[in-house]
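Here the structure is laid out as structure tokens; the discussion comes afterwards.
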Amino acid sequence: MPIYLDYNATAPLRPQAYARMQELLVIPANPSSVHSLGRTAKKHLENSRKIIAEALSAWPNEIIFTASGTEANNTALSGFPERRLLISAAEHSSVLRHPMVTTDNLIAVDENGIINLSDLEARLAENPQPALVSIMLANNETGVIQPISEIAAICKKYGALLHTDAVQALGKIPVDFSLLGADMLTISAHKCGGAVGAAALVVKNNLVIKPLLSGGGQELGRRAGTENIAAIAAFAEAVAAIDLGDMQNLRLWLDEMEKQIQAKGGIVFGANAQRIPNTSCIAMPDIGNEVQLIDFDLKGYAVSAGSACSSGRIEKSHVLLAMGVPAELASCAIRVSIGWNSTQSEIQNFTEAWLKLADRLKRG
Ligand code: PLP
């Protein structure tokens, strides 16, 4: 088994989540059924909703379960069609490629990847049409954290709604829906030790959102489709297992790695901003990331470039380009992301492999 350093793509399933899935997958469980099995399924669903709501300081009826973070983001952005959209240039593709987004909707980020607050305020002030602003809490490629509470205060001043994509923040930093001040927030199970197939959009309970999917009246009529009970219950197990205390070590290990690679000419992106503790976006100048990924793969390290399209080809990172990183350097960047099952020696071994590769390729 390779050493897994790609938690931001998907995190390994936590044992508690796996056990719960095994238990529930074998029960025919549709929470909309009236018979006793259906009622049991409903109990699991509502219990999971409660656990997740409590972890986020939200109300259970504010949680809409979806099948993916992508679906939750799309639901948020499509949910208020009368509003104009404003998003940051560094958003995940599930926000950036929404059909209502054009280059006119994009708010700039600075060289550290932080959204330009005066640009946001100017855009909100210049047009009286109510806006929906979507800014991620933590970036999937660089780990950079946005000042969501400050952004929320600006949005409030101009009557704008704020959605934040917290998919990469959950499990790594505190995610408190009421403290953040956002009106909507996205989370996804498989990024924090749950399974692919469950995610949620948290929506303030005074808001009426237009559903993306219509059909049965599930999720209080806000998202049709039978809920994936096993994945949702595993999601709740994963959320309950989160221990943010463990995260401090991850940052120390990555800081040490960054120090060593910087001493050998490596570049760390977003280093001057606040970042989630598990993520490091690093470049080996002049060595394309495809070459690096293949070499690390052969040596048994699973890392990734910032964003890979579904064909497996590496695209230039729109996040790094938005931060003003030259295209050539952006194509030398890889992402190291670790998590609940990582160890210090894995990072130390990877650091050695990085330093060796840099030496070998420099010597030609
Ligand atoms: N938002 C961010 C920041 C992500 O990193 C991802 C996944 O990479 C998503 C949204 C999409 O989540 P999902 O894979 O559950 O669709």
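Numbering starts fresh at 1 for the residues of each chain in the structure tokens, the chains themselves are lettered A, B, ... in the order given, and ligands are numbered from 1 as they appear.
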**Item:** Exercise answer, 6 Å around ligand 1 with only C-alpha atoms and all ligand atoms, as a VMD selection string
**Value:** chain A and resid 9 68 to 70 92 139 to 140 165 167 to 168 188
Contact residues around Ile187 of chain A with only C-alpha atoms at 7 Å, ignoring same-chain residues under 2 positions, as a short mmCIF file (atom, residue, chain, number, x, y, z; two decimals) with all heavy atoms, in the first residue's frame:
```cif
data_model
loop_
_atom_site.label_atom_id
_atom_site.label_comp_id
_atom_site.auth_asym_id
_atom_site.auth_seq_id
_atom_site.Cartn_x
_atom_site.Cartn_y
_atom_site.Cartn_z
N GLY A 69 -20.54 16.94 -2.22
CA GLY A 69 -20.27 18.35 -2.00
C GLY A 69 -20.58 19.14 -3.27
O GLY A 69 -21.08 20.27 -3.22
N ASP A 165 -18.13 27.21 1.08
CA ASP A 165 -17.81 25.81 0.84
C ASP A 165 -16.78 25.41 1.91
O ASP A 165 -15.61 25.80 1.85
CB ASP A 165 -17.22 25.72 -0.58
CG ASP A 165 -16.71 24.33 -0.92
OD1 ASP A 165 -16.63 23.47 -0.01
OD2 ASP A 165 -16.37 24.11 -2.10
N ALA A 166 -17.27 24.63 2.89
CA ALA A 166 -16.40 24.25 4.02
C ALA A 166 -15.95 22.79 3.89
O ALA A 166 -15.55 22.17 4.88
CB ALA A 166 -17.14 24.47 5.33
N VAL A 167 -15.99 22.27 2.66
CA VAL A 167 -15.66 20.86 2.44
C VAL A 167 -14.26 20.52 2.96
O VAL A 167 -14.05 19.48 3.58
CB VAL A 167 -15.80 20.53 0.93
CG1 VAL A 167 -15.10 19.23 0.56
CG2 VAL A 167 -17.27 20.44 0.55
N LEU A 170 -13.86 21.15 7.26
CA LEU A 170 -14.43 20.26 8.28
C LEU A 170 -13.42 19.17 8.67
O LEU A 170 -12.87 18.48 7.82
CB LEU A 170 -15.71 19.60 7.74
CG LEU A 170 -16.45 18.72 8.75
CD1 LEU A 170 -16.99 19.54 9.91
CD2 LEU A 170 -17.58 17.95 8.07
N LEU A 185 -23.75 26.65 4.01
CA LEU A 185 -22.40 26.06 4.16
C LEU A 185 -22.43 24.63 3.63
O LEU A 185 -23.39 23.89 3.87
CB LEU A 185 -22.05 26.11 5.65
CG LEU A 185 -20.76 25.49 6.16
CD1 LEU A 185 -20.21 26.39 7.28
CD2 LEU A 185 -20.95 24.10 6.69
N ALA A 189 -18.82 14.17 3.24
CA ALA A 189 -18.37 13.10 4.14
C ALA A 189 -16.99 12.54 3.80
O ALA A 189 -16.18 12.29 4.68
CB ALA A 189 -19.39 11.95 4.10
N ALA A 199 -23.21 14.07 1.75
CA ALA A 199 -22.70 15.43 1.97
C ALA A 199 -23.88 16.23 2.48
O ALA A 199 -24.98 15.67 2.66
CB ALA A 199 -22.17 16.01 0.66
N ALA A 200 -23.67 17.51 2.74
CA ALA A 200 -24.81 18.30 3.21
C ALA A 200 -24.64 19.76 2.83
O ALA A 200 -23.52 20.27 2.75
CB ALA A 200 -24.95 18.17 4.73
N LEU A 201 -25.78 20.38 2.61
CA LEU A 201 -25.83 21.84 2.53
C LEU A 201 -26.57 22.31 3.79
O LEU A 201 -27.67 21.83 4.07
CB LEU A 201 -26.59 22.29 1.27
CG LEU A 201 -26.69 23.81 1.12
CD1 LEU A 201 -25.31 24.43 0.87
CD2 LEU A 201 -27.63 24.18 -0.03
#
```
**Prompt:** What's the 10 Å shell around segment 119-136 of chain A, counting only C-alpha atoms, without same-chain residues fewer than 3 positions away, as a PyMOL selection string?
**Reply:** chain A and resi 73+76-92+95-96+105-109+115-116+139-140+144-148+151-152+154-155+157-169+182-186
**Request:** Using backbone DSSP assignments, extract all alpha helix (DSSP H) residues from segment 9-213 of chain A; output them as a PyMOL selection string.
**Result:** chain A and resi 15-25+36-55+69-78+93-96+117-126+148-157+177-180
**Message:** List as a list in words the protein and nucleic acid residues near segment 14-30 of chain A, meaning an atom at most 8 Å away when only C-alpha atoms are counted, but skip any in the same chain fewer than 3 places from it.
**Reply:** Ser33, Leu37, Gly38, Thr40, Ala41, Lys42, Gly193, Gly194, Ala195, Thr226, Glu227, Ile229, Ala230, Ala231, Ala233, Ala234, Phe235, Ala236, Glu237, Ala238 and Ala241 of chain A
**Prompt:** What separation in Å, quoted to one decimal, exists between atom CA of Thr279 of chain A and atom CA of Glu71 of chain A?
**Reply:** 23.9 Å
**Request:** Using DSSP on the backbone, list every residue of segment 19-175 of chain A that comes out as strand (DSSP E), and give them as a ChimeraX atom specification.
**Result:** /A:63-66,84-88,106-107,131-134,161-165
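For the pair atom CA of Ala271 of chain A and atom CA of Ser118 of chain A, the interatomic distance is 22.3 Å.
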**Message:** Which residues are close to Asp297 of chain A, i.e. within 12 Å by only C-alpha atoms, leaving aside same-chain residues fewer than 2 positions away? Reply as a ChimeraX atom specification.
**Reply:** /A:1-6,289-295,299-304,350,353-354
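Shortest separation to Lys172 of chain A among A:Asn249, A:Gln262, A:Thr75, A:Gln348 occurs at residue A:Asn249, atoms counted being only C-alpha atoms.
Pairwise distance (atom CA of Gly266 of chain A, atom CA of Leu320 of chain A) equals 15.4 Å.
Comparing the minimum interatomic distances between Gly143 of chain A and each of A:Arg251, A:His35, A:Lys356, A:His318, counting only C-alpha atoms, we find that A:Arg251 sits nearest.
Nearest to Asn228 of chain A of all the residues A:Ala67, A:Ile51, A:Asp243, A:Lys43 is A:Ala67, counting only C-alpha atoms.
The closest residue to Gly324 of chain A, picked from A:Phe269, A:Phe296, A:Arg275, A:Ile261 and counting only C-alpha atoms, is A:Phe269.
Nearest residue to Arg223 of chain A, choosing from A:Ser57, A:Thr66, A:Ser342, A:Asn8 and counting only C-alpha atoms: A:Thr66.
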